[in-house]
file final.txt (compact mmCIF, C-alpha atoms and all ligand atoms)
# COMPACT_ATOMS: atom_id res chain seq x y z
CA MET A 816 97.74 -24.66 18.71
CA LYS A 817 95.56 -21.91 17.29
CA GLY A 818 92.52 -21.26 19.43
CA TRP A 819 93.79 -23.49 22.22
CA GLY A 820 94.68 -20.62 24.55
CA THR A 821 91.16 -19.26 24.30
CA MET A 822 89.69 -22.59 25.43
CA SER A 823 92.15 -22.93 28.32
CA SER A 824 91.40 -19.47 29.64
CA THR A 825 87.70 -20.36 29.95
CA LEU A 826 88.38 -23.78 31.43
CA ARG A 827 85.27 -25.44 32.85
CA PRO A 828 85.55 -27.25 36.17
CA ARG A 829 85.88 -31.01 35.75
CA PRO A 830 82.42 -32.61 36.13
CA ILE A 831 82.05 -35.33 38.77
CA PRO A 832 81.65 -38.72 37.06
CA GLY A 833 79.53 -41.60 38.35
CA LEU A 834 75.88 -42.55 38.24
CA GLY A 835 73.94 -44.14 41.12
CA ALA A 836 76.14 -42.80 43.92
CA ASN A 837 75.48 -39.26 42.73
CA ALA A 838 71.75 -39.90 42.46
CA ILE A 839 71.39 -40.80 46.17
CA GLY A 840 68.61 -38.71 47.68
CA PRO A 841 65.49 -38.77 49.85
CA GLU A 842 64.24 -42.01 48.26
CA GLU A 843 67.25 -43.98 49.55
CA GLU A 844 67.04 -42.23 52.93
CA GLU A 845 63.39 -43.09 53.33
CA LEU A 846 63.81 -46.81 52.63
CA VAL A 847 66.97 -47.21 54.72
CA LEU A 848 65.38 -45.34 57.63
CA ASP A 849 62.38 -47.60 57.35
CA VAL A 850 64.65 -50.61 58.03
CA LEU A 851 66.25 -48.86 60.99
CA ARG A 852 62.94 -47.74 62.46
CA ARG A 853 61.54 -51.24 62.23
CA LYS A 854 64.79 -52.60 63.75
CA GLU A 855 64.84 -55.38 61.18
CA PRO A 856 68.18 -55.46 59.33
CA PHE A 857 68.17 -59.23 58.55
CA ARG A 858 66.23 -60.38 55.51
CA TYR A 859 64.69 -63.61 56.76
CA TYR A 860 63.19 -62.57 60.08
CA GLY A 861 62.83 -59.66 62.49
CA LEU A 862 60.67 -58.90 65.47
CA ASP A 863 57.83 -61.04 64.17
CA PRO A 864 59.31 -64.37 63.03
CA ASN A 865 56.20 -65.08 60.95
CA SER A 866 56.46 -61.92 58.90
CA PRO A 867 59.82 -61.52 57.15
CA PRO A 868 61.00 -57.94 56.48
CA PRO A 869 60.21 -56.57 53.01
CA MET A 870 63.31 -54.95 51.48
CA ALA A 871 65.31 -57.87 49.97
CA ALA A 872 62.05 -59.53 48.94
CA THR A 873 60.77 -56.37 47.22
CA LEU A 874 64.12 -55.73 45.59
CA GLU A 875 64.11 -59.24 44.11
CA LYS A 876 60.50 -58.90 42.94
CA GLU A 877 61.02 -55.51 41.31
CA PHE A 878 64.31 -56.65 39.81
CA CYS A 879 62.55 -59.58 38.10
CA ALA A 880 59.85 -57.26 36.78
CA TYR A 881 62.40 -54.68 35.62
CA ILE A 882 64.56 -56.99 33.54
CA GLY A 883 61.79 -59.42 32.66
CA THR A 884 62.84 -62.68 34.27
CA ASP A 885 61.40 -65.19 36.74
CA TYR A 886 63.78 -65.48 39.69
CA ALA A 887 66.18 -63.04 41.35
CA LEU A 888 68.36 -63.57 44.39
CA ALA A 889 70.05 -60.67 46.21
CA VAL A 890 73.63 -61.37 47.31
CA THR A 891 76.49 -59.48 48.92
CA SER A 892 78.42 -58.47 45.77
CA GLY A 893 78.81 -59.04 42.05
CA THR A 894 81.77 -61.27 42.82
CA ALA A 895 79.66 -63.35 45.21
CA ALA A 896 76.95 -63.45 42.55
CA LEU A 897 79.42 -64.93 40.05
CA GLU A 898 80.50 -67.65 42.49
CA VAL A 899 76.87 -68.40 43.34
CA ALA A 900 75.97 -68.53 39.63
CA TYR A 901 78.79 -70.97 38.80
CA ALA A 902 77.95 -73.15 41.78
CA ALA A 903 74.27 -73.06 40.80
CA ILE A 904 74.98 -74.44 37.32
CA GLY A 905 77.33 -77.03 38.80
CA ILE A 906 80.70 -75.76 37.56
CA GLY A 907 83.62 -77.38 39.38
CA PRO A 908 87.01 -79.10 39.16
CA GLY A 909 87.94 -80.29 35.68
CA ASP A 910 85.55 -77.86 33.98
CA GLU A 911 86.49 -74.99 31.71
CA VAL A 912 84.72 -71.67 31.30
CA ILE A 913 85.45 -69.37 28.34
CA VAL A 914 85.72 -65.74 29.48
CA PRO A 915 87.11 -62.59 27.83
CA ALA A 916 90.74 -61.78 28.63
CA TRP A 917 89.53 -58.17 28.84
CA SER A 918 87.44 -58.32 32.01
CA TRP A 919 87.24 -57.43 35.68
CA ILE A 920 89.27 -59.39 38.29
CA SER A 921 86.32 -61.41 39.58
CA CYS A 922 85.42 -62.63 36.10
CA PHE A 923 88.53 -64.80 36.36
CA THR A 924 88.79 -65.40 40.10
CA ALA A 925 85.18 -66.60 40.53
CA ILE A 926 85.87 -69.43 38.10
CA VAL A 927 89.05 -70.42 39.94
CA ARG A 928 87.25 -70.22 43.30
CA VAL A 929 84.74 -72.89 42.24
CA GLY A 930 87.69 -75.06 41.16
CA ALA A 931 87.32 -74.64 37.38
CA ARG A 932 89.68 -73.29 34.73
CA PRO A 933 89.13 -69.91 33.07
CA VAL A 934 89.95 -70.10 29.35
CA LEU A 935 90.65 -66.59 28.09
CA CYS A 936 89.21 -65.35 24.79
CA GLU A 937 89.67 -62.26 22.64
CA VAL A 938 87.28 -59.34 22.52
CA ASP A 939 86.29 -57.77 19.20
CA ASP A 940 85.64 -54.15 18.19
CA THR A 941 82.60 -54.07 20.51
CA LEU A 942 85.14 -54.59 23.35
CA ASN A 943 82.92 -57.55 24.32
CA PHE A 944 83.16 -61.33 23.93
CA ASP A 945 83.95 -62.21 20.31
CA PRO A 946 81.33 -64.85 19.39
CA LYS A 947 83.79 -66.56 17.01
CA GLU A 948 86.01 -67.46 19.95
CA ILE A 949 83.63 -70.18 21.16
CA ALA A 950 84.40 -72.47 18.21
CA ARG A 951 88.16 -71.82 18.56
CA LEU A 952 88.38 -72.53 22.28
CA VAL A 953 85.77 -75.19 23.03
CA THR A 954 87.08 -78.54 24.34
CA PRO A 955 85.33 -81.58 25.80
CA ARG A 956 85.84 -79.96 29.23
CA THR A 957 84.12 -76.67 28.39
CA LYS A 958 80.95 -76.24 30.45
CA ALA A 959 80.07 -72.57 30.04
CA VAL A 960 80.79 -69.28 28.34
CA SER A 961 80.82 -66.16 30.50
CA VAL A 962 79.85 -62.99 28.65
CA ILE A 963 80.65 -59.58 30.11
CA HIS A 964 78.56 -56.64 28.92
CA TYR A 965 81.33 -54.09 29.15
CA GLN A 966 80.39 -50.57 30.31
CA GLY A 967 76.77 -50.31 29.18
CA VAL A 968 77.04 -52.00 25.79
CA ALA A 969 75.48 -55.43 25.28
CA ALA A 970 77.45 -58.26 23.71
CA GLU A 971 75.98 -59.99 20.64
CA MET A 972 73.85 -62.30 22.74
CA ASP A 973 71.74 -63.83 19.96
CA VAL A 974 74.85 -65.19 18.21
CA ILE A 975 76.62 -66.20 21.42
CA GLN A 976 73.58 -67.91 22.94
CA LYS A 977 72.89 -69.86 19.73
CA GLU A 978 76.48 -71.01 19.31
CA ALA A 979 76.94 -71.95 22.99
CA HIS A 980 73.65 -73.79 23.32
CA LYS A 981 74.32 -75.68 20.07
CA LEU A 982 77.44 -77.05 21.80
CA GLY A 983 75.57 -77.83 25.02
CA LEU A 984 77.29 -75.07 27.02
CA PHE A 985 75.74 -72.91 29.70
CA VAL A 986 75.65 -69.19 29.01
CA VAL A 987 76.44 -66.91 31.96
CA GLU A 988 75.87 -63.18 31.53
CA ASP A 989 77.92 -60.84 33.67
CA CYS A 990 75.85 -57.66 33.70
CA ALA A 991 77.73 -56.13 36.66
CA GLN A 992 78.54 -52.92 34.77
CA SER A 993 75.42 -52.62 32.67
CA LEU A 994 72.08 -52.83 34.52
CA GLY A 995 69.37 -51.28 32.31
CA THR A 996 71.14 -52.09 29.03
CA SER A 997 69.18 -54.10 26.50
CA TYR A 998 69.85 -56.02 23.33
CA ARG A 999 67.40 -56.45 20.46
CA GLY A 1000 64.51 -55.31 22.67
CA ARG A 1001 65.33 -57.57 25.64
CA GLN A 1002 67.12 -56.54 28.81
CA ILE A 1003 70.53 -58.10 29.34
CA GLY A 1004 70.36 -60.80 31.99
CA THR A 1005 67.53 -62.52 30.11
CA TRP A 1006 69.73 -63.96 27.34
CA SER A 1007 71.45 -66.60 29.45
CA ASP A 1008 70.92 -69.53 31.78
CA VAL A 1009 72.04 -67.44 34.71
CA ALA A 1010 73.11 -63.80 34.97
CA ILE A 1011 74.63 -61.54 37.59
CA PHE A 1012 74.60 -57.84 38.49
CA SER A 1013 76.58 -55.69 40.92
CA PHE A 1014 75.53 -52.84 43.24
CA GLN A 1015 79.11 -51.87 44.14
CA TYR A 1016 79.85 -48.15 44.53
CA ASN A 1017 80.98 -47.51 40.93
CA LYS A 1018 78.00 -49.24 39.35
CA ILE A 1019 74.90 -47.80 37.70
CA ALA A 1020 72.77 -48.61 40.77
CA THR A 1021 74.66 -48.93 44.04
CA CYS A 1022 74.23 -49.82 47.69
CA GLY A 1023 77.97 -49.71 48.38
CA GLU A 1024 78.35 -53.46 48.03
CA GLY A 1025 75.74 -55.85 46.70
CA GLY A 1026 74.78 -58.08 43.83
CA MET A 1027 72.00 -60.03 42.17
CA VAL A 1028 71.71 -63.47 40.54
CA VAL A 1029 68.87 -63.97 38.05
CA THR A 1030 67.57 -66.98 36.16
CA ARG A 1031 64.45 -68.47 34.64
CA ASP A 1032 65.40 -71.97 35.74
CA GLN A 1033 63.89 -73.31 38.98
CA ARG A 1034 66.74 -75.75 39.63
CA ILE A 1035 69.38 -73.06 39.14
CA TYR A 1036 67.38 -70.78 41.46
CA GLU A 1037 67.19 -73.40 44.21
CA ARG A 1038 70.89 -74.24 43.93
CA ALA A 1039 71.79 -70.53 43.96
CA VAL A 1040 69.70 -69.99 47.10
CA ARG A 1041 71.36 -72.95 48.83
CA PHE A 1042 74.88 -71.90 47.87
CA HIS A 1043 74.31 -68.29 49.03
CA ASP A 1044 72.85 -69.32 52.41
CA ILE A 1045 75.17 -72.02 53.82
CA GLY A 1046 73.13 -74.75 52.16
CA ASN A 1047 69.78 -73.59 53.58
CA TYR A 1048 66.56 -73.44 51.62
CA ARG A 1049 64.23 -71.42 53.81
CA PRO A 1050 60.43 -71.23 53.62
CA PHE A 1051 60.63 -67.80 51.92
CA HIS A 1052 62.21 -69.45 48.86
CA ALA A 1053 60.20 -72.68 49.12
CA ASN A 1054 57.11 -70.50 48.66
CA ILE A 1055 58.56 -69.31 45.36
CA VAL A 1056 60.01 -72.62 44.10
CA LYS A 1057 59.39 -75.94 45.84
CA ALA A 1058 62.58 -77.64 47.10
CA ARG A 1059 63.74 -80.53 44.95
CA GLU A 1060 67.53 -80.53 45.28
CA PRO A 1061 69.44 -82.44 47.95
CA ALA A 1062 71.13 -80.18 50.51
CA PHE A 1063 74.75 -79.31 49.78
CA VAL A 1064 77.37 -77.10 51.39
CA GLY A 1065 77.28 -73.38 50.59
CA GLY A 1066 78.84 -70.07 51.54
CA GLN A 1067 77.21 -67.07 53.20
CA PHE A 1068 76.37 -64.33 50.71
CA ARG A 1069 73.04 -62.99 52.05
CA LEU A 1070 72.27 -59.31 51.44
CA SER A 1071 71.09 -57.30 54.45
CA GLU A 1072 67.83 -55.36 54.56
CA LEU A 1073 69.80 -52.10 54.80
CA SER A 1074 71.69 -52.76 51.58
CA SER A 1075 68.56 -54.08 49.90
CA ALA A 1076 66.63 -50.93 50.81
CA MET A 1077 69.23 -48.73 49.19
CA ALA A 1078 69.53 -50.96 46.11
CA LEU A 1079 65.75 -50.86 45.74
CA ALA A 1080 65.65 -47.06 45.72
CA GLN A 1081 68.48 -47.06 43.18
CA LEU A 1082 66.85 -49.66 40.93
CA ARG A 1083 63.88 -47.33 40.62
CA LYS A 1084 66.21 -44.64 39.21
CA VAL A 1085 67.93 -46.70 36.51
CA ASP A 1086 65.65 -45.60 33.66
CA ALA A 1087 66.09 -41.93 34.57
CA MET A 1088 69.86 -42.39 34.61
CA ARG A 1089 69.78 -44.09 31.22
CA LYS A 1090 67.64 -41.35 29.71
CA HIS A 1091 70.03 -38.71 31.04
CA CYS A 1092 73.13 -40.51 29.72
CA ARG A 1093 71.65 -41.11 26.29
CA ALA A 1094 70.63 -37.49 25.85
CA LEU A 1095 74.12 -36.27 26.74
CA GLN A 1096 75.79 -39.01 24.75
CA ALA A 1097 73.86 -37.86 21.66
CA ARG A 1098 75.13 -34.30 22.16
CA VAL A 1099 78.76 -35.46 22.37
CA LEU A 1100 78.37 -37.84 19.44
CA SER A 1101 76.90 -35.11 17.24
CA LYS A 1102 80.26 -33.35 17.52
CA VAL A 1103 82.76 -36.23 17.50
CA THR A 1104 81.30 -38.70 15.02
CA GLY A 1105 83.27 -38.94 11.79
CA LEU A 1106 86.51 -37.27 12.89
CA PRO A 1107 89.25 -38.60 10.59
CA GLY A 1108 91.49 -41.15 12.35
CA ILE A 1109 88.93 -41.87 15.08
CA LYS A 1110 86.33 -44.63 15.05
CA LEU A 1111 83.75 -45.23 17.71
CA ARG A 1112 83.39 -48.47 19.65
CA ARG A 1113 81.05 -50.71 17.63
CA ILE A 1114 77.67 -50.97 19.36
CA PRO A 1115 75.70 -53.87 17.86
CA ASP A 1116 72.34 -52.54 19.10
CA LEU A 1117 72.34 -48.75 19.36
CA ASP A 1118 68.81 -48.68 20.81
CA GLY A 1119 69.81 -50.82 23.77
CA ASP A 1120 72.98 -48.92 24.67
CA PHE A 1121 73.05 -47.31 28.15
CA GLY A 1122 75.31 -44.51 26.96
CA PHE A 1123 77.40 -43.78 30.06
CA GLU A 1124 80.76 -44.06 28.35
CA ILE A 1125 81.86 -43.08 24.85
CA TYR A 1126 84.85 -44.95 23.44
CA LEU A 1127 86.99 -43.14 20.88
CA MET A 1128 89.12 -45.74 19.08
CA ILE A 1129 92.17 -43.85 17.79
CA ASP A 1130 93.60 -45.40 14.60
CA ASP A 1131 97.16 -44.54 15.62
CA ALA A 1132 97.78 -46.05 19.07
CA SER A 1133 100.89 -43.88 19.53
CA LYS A 1134 98.61 -40.81 19.76
CA VAL A 1135 96.41 -42.08 22.60
CA ALA A 1136 98.55 -40.89 25.51
CA LEU A 1137 98.89 -37.37 24.10
CA PHE A 1138 95.20 -37.24 23.21
CA GLN A 1139 94.32 -38.12 26.77
CA GLU A 1140 96.85 -35.72 28.24
CA LYS A 1141 95.39 -32.84 26.23
CA LEU A 1142 91.83 -33.71 27.23
CA ASN A 1143 92.89 -33.94 30.86
CA ALA A 1144 94.48 -30.50 30.59
CA LEU A 1145 91.07 -29.23 29.51
CA ASN A 1146 89.42 -30.86 32.55
CA VAL A 1147 87.68 -33.52 30.48
CA ASN A 1148 87.44 -36.85 32.31
CA CYS A 1149 88.90 -39.44 29.95
CA GLY A 1150 90.13 -42.73 31.40
CA ALA A 1151 92.44 -44.73 29.15
CA ARG A 1152 91.50 -47.67 31.38
CA THR A 1153 88.27 -48.10 33.29
CA GLY A 1154 89.19 -50.59 36.01
CA THR A 1155 89.27 -53.36 33.46
CA TYR A 1156 92.67 -54.72 32.49
CA PRO A 1157 93.72 -57.76 30.50
CA GLN A 1158 93.65 -60.76 32.84
CA TYR A 1159 97.01 -62.02 31.54
CA ASN A 1160 98.70 -58.93 33.04
CA ARG A 1161 97.29 -59.47 36.53
CA ASP A 1162 99.50 -60.85 39.30
CA TYR A 1163 97.33 -63.89 40.11
CA VAL A 1164 97.50 -65.01 36.47
CA LYS A 1165 101.25 -64.48 36.39
CA THR A 1166 101.62 -66.75 39.45
CA GLY A 1167 98.77 -69.12 38.51
CA LEU A 1168 98.12 -69.70 42.23
CA ALA A 1169 95.00 -70.30 44.30
CA HIS A 1170 95.03 -70.03 48.10
CA HIS A 1171 96.03 -73.71 48.24
CA PRO A 1172 98.19 -75.38 45.57
CA ALA A 1173 95.69 -78.19 45.00
CA LEU A 1174 92.98 -75.66 44.18
CA SER A 1175 94.82 -74.05 41.28
CA PRO A 1176 93.38 -75.21 37.95
CA PHE A 1177 96.85 -74.54 36.50
CA ARG A 1178 98.76 -76.82 38.90
CA ASP A 1179 99.54 -79.46 36.26
CA TYR A 1180 101.16 -77.12 33.73
CA ARG A 1181 104.89 -77.71 33.49
CA GLU A 1182 105.53 -74.17 32.29
CA TRP A 1183 103.68 -71.13 33.48
CA PRO A 1184 102.32 -68.80 32.12
CA ALA A 1185 101.26 -71.29 29.47
CA PRO A 1186 99.97 -70.39 26.00
CA GLY A 1187 96.53 -68.81 26.36
CA TYR A 1188 97.61 -66.85 29.44
CA ARG A 1189 100.19 -64.48 27.94
CA ALA A 1190 99.83 -61.09 26.25
CA GLU A 1191 101.23 -62.42 22.95
CA ASP A 1192 98.30 -64.86 22.70
CA PHE A 1193 95.79 -61.97 22.44
CA PRO A 1194 96.89 -59.68 19.59
CA ARG A 1195 93.41 -58.27 18.99
CA THR A 1196 92.64 -57.52 22.63
CA GLU A 1197 96.10 -55.97 22.98
CA ASP A 1198 95.57 -53.78 19.94
CA LEU A 1199 91.99 -52.67 20.68
CA THR A 1200 92.47 -51.90 24.34
CA LYS A 1201 95.53 -49.77 23.69
CA ARG A 1202 93.75 -47.59 21.17
CA TYR A 1203 90.86 -46.09 23.06
CA VAL A 1204 90.08 -42.97 25.01
CA ALA A 1205 86.99 -43.41 27.19
CA LEU A 1206 84.72 -40.44 27.93
CA PRO A 1207 82.40 -41.09 30.89
CA ILE A 1208 79.03 -39.39 31.30
CA GLY A 1209 77.77 -38.99 34.86
CA TRP A 1210 74.51 -38.19 36.60
CA LEU A 1211 75.78 -34.71 37.50
CA TYR A 1212 76.90 -33.86 33.96
CA THR A 1213 74.91 -31.12 32.22
CA ASN A 1214 74.14 -30.35 28.57
CA ASP A 1215 76.88 -27.74 28.73
CA ASP A 1216 79.34 -30.35 30.00
CA ALA A 1217 78.42 -32.59 27.07
CA ASP A 1218 78.91 -29.76 24.57
CA TYR A 1219 82.21 -28.84 26.19
CA ILE A 1220 83.40 -32.46 25.99
CA GLY A 1221 82.46 -32.62 22.30
CA ASP A 1222 84.18 -29.31 21.51
CA SER A 1223 87.27 -30.33 23.48
CA VAL A 1224 87.55 -33.63 21.60
CA VAL A 1225 87.30 -31.77 18.28
CA ALA A 1226 89.99 -29.29 19.38
CA VAL A 1227 92.34 -32.00 20.66
CA HIS A 1228 91.75 -34.07 17.54
CA ARG A 1229 92.72 -31.08 15.41
CA GLU A 1230 95.93 -30.70 17.34
CA VAL A 1231 96.92 -34.35 17.82
CA CYS A 1232 95.55 -36.20 14.82
CA THR A 1233 95.94 -33.78 11.95
CA ASN A 1234 99.52 -32.65 12.54
C1 LIG Q 1301 82.29 -57.22 34.83
C2 LIG Q 1301 82.29 -57.30 36.33
N1 LIG Q 1301 81.96 -58.46 36.92
C3 LIG Q 1301 81.92 -58.59 38.26
C4 LIG Q 1301 82.24 -57.53 39.07
C5 LIG Q 1301 82.24 -57.73 40.54
O1 LIG Q 1301 81.32 -56.94 41.22
P1 LIG Q 1301 81.57 -56.53 42.76
O2 LIG Q 1301 82.56 -55.42 42.76
O3 LIG Q 1301 80.21 -56.12 43.22
O4 LIG Q 1301 82.04 -57.72 43.47
C6 LIG Q 1301 82.58 -56.29 38.51
C7 LIG Q 1301 82.92 -55.15 39.36
O5 LIG Q 1301 83.55 -54.20 38.95
C8 LIG Q 1301 82.62 -56.18 37.10
O6 LIG Q 1301 82.96 -55.04 36.51
call {"tool": "encode", "arguments": {"input": "final.txt", "output": "structure tokens"}}
result
Amino acid sequence: MKGWGTMSSTLRPRPIPGLGANAIGPEEEELVLDVLRRKEPFRYYGLDPNSPPPMAATLEKEFCAYIGTDYALAVTSGTAALEVAYAAIGIGPGDEVIVPAWSWISCFTAIVRVGARPVLCEVDDTLNFDPKEIARLVTPRTKAVSVIHYQGVAAEMDVIQKEAHKLGLFVVEDCAQSLGTSYRGRQIGTWSDVAIFSFQYNKIATCGEGGMVVTRDQRIYERAVRFHDIGNYRPFHANIVKAREPAFVGGQFRLSELSSAMALAQLRKVDAMRKHCRALQARVLSKVTGLPGIKLRRIPDLDGDFGFEIYLMIDDASKVALFQEKLNALNVNCGARTGTYPQYNRDYVKTGLAHHPALSPFRDYREWPAPGYRAEDFPRTEDLTKRYVALPIGWLYTNDDADYIGDSVVAVHREVCTN
């Protein structure tokens, strides 16, 4: 290709992707050291039993203020948060939950773990939950819809919430990948009955492993607290919401003070990370918008977008692999997949098993995989997710990196899409 050699000879080093993990600094050190110096790593009590340590409590308080909700509960992971959220709204055996086929492992497994059946739906050109799928898939057993805000772009929550609530369904928002994203002027996590976040290593804000459950509903809060703390409802929570629910059995998903301290320092950096990503995203978009044969992922609310990943949707799917190969050769990070895969291609869906046969919600099917759990049942998801090249933007990326990414995409486009 003309001009290609020139670019290769001045190859930039590949920038390191990732957000929160790369933003770790003195703020995290200070809060974590504070926990160590006080010798109080457990959230509910330390040296003075009458004065509980502050980190998890402060994290929950600041989290509520940040997203604009009433109750937040720190838990050990986003996966734990999903199980806690489903238990809190009373999802169990015989129930169905509609969830995008294009989603992270736990989006499916958390539903199975509480004994319910995941019903897979298509995504649309936002790569998020297609609101029209609710009417197609609802049955008398449907109890909830679970909406994933995929990679920093909010789903169309006004439409989804209205449609789901009209049918008497709970709305669960899975914000694991998208803390700090908003939709129509409201943070995600405030559009649902219960929402979850993750602080796992690859997430916007991280403490290695951690999660959050948020809600405005006192009953859901109390049930979430009980389920995450082996059925307990301790005075710390009773001071926030008076106990009304009967005790029931729970798991153990409490977040430590050490993890909470780190998550707190990271939460305070989310706006700076978003500002950084959006500025660099704008630079890349100014170069790549409007290239013939490439559309961009549809973003229903551009103002609310986090901007940490740009999705080029290539009209001709047969060109994606080459496009990506050429970008990689130029040291441009460009995942064709971002850890998310269609659920119907995962091993646990192919077997349909839980850890005990009686716990599988698919145990009564005579043939497996049944319709609704096979690739051929999701033509739109199959098409869309085979046509994109994803360009991440990280905390350590510079303006020059952004310009280089934009120029590289234009050069590769010229070579791959116009010949
Ligand atoms: C959409 C979604 N939900 C839930 C999770 C689970 O979070 P965790 O890894 O903290 O368990 C993830 C993690 O990647 C995710 O992407």
call {"tool": "closest_residue", "arguments": {"input": "final.txt", "among": "A:Asp1198, A:Glu1191, A:Glu948, A:Glu1060", "to": "Val1040 in chain A", "atoms": "all atoms listed in the file"}}
result
A:Glu1060
call {"tool": "closest_atom_pairs", "arguments": {"input": "final.txt", "of": "chain A", "to": "ligand LIG 1301 (chain Q)", "cutoff": "10 Å", "atoms": "all atoms listed in the file", "output": "CSV"}}
result
residue,atom,partner,partner_atom,distance
A:Val890,CA,Q:LIG1301,O3,9.4
A:Thr891,CA,Q:LIG1301,O3,7.6
A:Ser892,CA,Q:LIG1301,O3,3.9
A:Gly893,CA,Q:LIG1301,O1,3.4
A:Thr894,CA,Q:LIG1301,O4,3.6
A:Ala895,CA,Q:LIG1301,O4,6.4
A:Ala896,CA,Q:LIG1301,O4,7.7
A:Leu897,CA,Q:LIG1301,C3,7.0
A:Trp917,CA,Q:LIG1301,C1,9.4
A:Ser918,CA,Q:LIG1301,C1,6.0
A:Trp919,CA,Q:LIG1301,O6,5.0
A:Ile920,CA,Q:LIG1301,C4,7.3
A:Ser921,CA,Q:LIG1301,C3,5.4
A:Cys922,CA,Q:LIG1301,N1,5.5
A:Phe923,CA,Q:LIG1301,N1,9.1
A:Thr924,CA,Q:LIG1301,C3,9.8
A:Ala925,CA,Q:LIG1301,C3,8.9
A:Val962,CA,Q:LIG1301,C1,8.8
A:Ile963,CA,Q:LIG1301,C1,5.5
A:His964,CA,Q:LIG1301,C1,7.0
A:Tyr965,CA,Q:LIG1301,C1,6.6
A:Gln966,CA,Q:LIG1301,O6,8.1
A:Glu988,CA,Q:LIG1301,C1,9.4
A:Asp989,CA,Q:LIG1301,N1,5.7
A:Cys990,CA,Q:LIG1301,C1,6.6
A:Ala991,CA,Q:LIG1301,C2,4.7
A:Gln992,CA,Q:LIG1301,O6,5.2
A:Ser993,CA,Q:LIG1301,C1,8.5
A:Ile1011,CA,Q:LIG1301,C3,7.9
A:Phe1012,CA,Q:LIG1301,O1,7.3
A:Ser1013,CA,Q:LIG1301,O3,4.3
A:Phe1014,CA,Q:LIG1301,O3,5.7
A:Gln1015,CA,Q:LIG1301,O3,4.5
A:Tyr1016,CA,Q:LIG1301,O2,8.0
A:Asn1017,CA,Q:LIG1301,O5,7.4
A:Lys1018,CA,Q:LIG1301,O5,7.5
A:Thr1021,CA,Q:LIG1301,O3,9.1
A:Cys1022,CA,Q:LIG1301,O3,9.8
A:Gly1023,CA,Q:LIG1301,O3,8.5
A:Glu1024,CA,Q:LIG1301,O3,5.8
A:Gly1025,CA,Q:LIG1301,O3,5.7
A:Gly1026,CA,Q:LIG1301,O3,5.8
A:Met1027,CA,Q:LIG1301,O3,9.2
A:Thr1153,CA,Q:LIG1301,O6,9.3
A:Gly1154,CA,Q:LIG1301,O5,7.3
A:Thr1155,CA,Q:LIG1301,O6,7.2
call {"tool": "write_last_selection", "arguments": {"input": "final.txt", "atoms": "C-alpha atoms", "output": "compact mmCIF listing (two decimals), in the frame of the given file"}}
result
# COMPACT_ATOMS: atom_id res chain seq x y z
CA VAL A 890 73.63 -61.37 47.31
CA THR A 891 76.49 -59.48 48.92
CA SER A 892 78.42 -58.47 45.77
CA GLY A 893 78.81 -59.04 42.05
CA THR A 894 81.77 -61.27 42.82
CA ALA A 895 79.66 -63.35 45.21
CA ALA A 896 76.95 -63.45 42.55
CA LEU A 897 79.42 -64.93 40.05
CA TRP A 917 89.53 -58.17 28.84
CA SER A 918 87.44 -58.32 32.01
CA TRP A 919 87.24 -57.43 35.68
CA ILE A 920 89.27 -59.39 38.29
CA SER A 921 86.32 -61.41 39.58
CA CYS A 922 85.42 -62.63 36.10
CA PHE A 923 88.53 -64.80 36.36
CA THR A 924 88.79 -65.40 40.10
CA ALA A 925 85.18 -66.60 40.53
CA VAL A 962 79.85 -62.99 28.65
CA ILE A 963 80.65 -59.58 30.11
CA HIS A 964 78.56 -56.64 28.92
CA TYR A 965 81.33 -54.09 29.15
CA GLN A 966 80.39 -50.57 30.31
CA GLU A 988 75.87 -63.18 31.53
CA ASP A 989 77.92 -60.84 33.67
CA CYS A 990 75.85 -57.66 33.70
CA ALA A 991 77.73 -56.13 36.66
CA GLN A 992 78.54 -52.92 34.77
CA SER A 993 75.42 -52.62 32.67
CA ILE A 1011 74.63 -61.54 37.59
CA PHE A 1012 74.60 -57.84 38.49
CA SER A 1013 76.58 -55.69 40.92
CA PHE A 1014 75.53 -52.84 43.24
CA GLN A 1015 79.11 -51.87 44.14
CA TYR A 1016 79.85 -48.15 44.53
CA ASN A 1017 80.98 -47.51 40.93
CA LYS A 1018 78.00 -49.24 39.35
CA THR A 1021 74.66 -48.93 44.04
CA CYS A 1022 74.23 -49.82 47.69
CA GLY A 1023 77.97 -49.71 48.38
CA GLU A 1024 78.35 -53.46 48.03
CA GLY A 1025 75.74 -55.85 46.70
CA GLY A 1026 74.78 -58.08 43.83
CA MET A 1027 72.00 -60.03 42.17
CA THR A 1153 88.27 -48.10 33.29
CA GLY A 1154 89.19 -50.59 36.01
CA THR A 1155 89.27 -53.36 33.46
call {"tool": "atom_distance", "arguments": {"input": "final.txt", "atom1": "CA of Asp1130 in chain A", "atom2": "CA of Pro946 in chain A"}}
result
23.5 Å
call {"tool": "residues_around", "arguments": {"input": "final.txt", "residues": "range 1183-1185 of chain A", "least_positions_apart": "2", "cutoff": "8 Å", "atoms": "all atoms listed in the file", "output": "list in words"}}
result
Val1164, Lys1165, Thr1166, Gly1167, Tyr1180, Arg1181, Gly1187, Tyr1188 and Arg1189 of chain A
call {"tool": "closest_atom_pairs", "arguments": {"input": "final.txt", "of": "range 1070-1112 of chain A", "to": "range 835-857 of chain A", "cutoff": "7 Å", "atoms": "all atoms listed in the file", "output": "Markdown table"}}
result
| residue | atom | partner | partner_atom | distance |
| --- | --- | --- | --- | --- |
| A:Ser1071 | CA | A:Phe857 | CA | 5.4 |
| A:Glu1072 | CA | A:Pro856 | CA | 4.8 |
| A:Leu1073 | CA | A:Val847 | CA | 5.7 |
| A:Ala1076 | CA | A:Leu846 | CA | 5.3 |
| A:Met1077 | CA | A:Glu843 | CA | 5.2 |
| A:Ala1080 | CA | A:Glu843 | CA | 5.2 |
| A:Gln1081 | CA | A:Gly835 | CA | 6.5 |
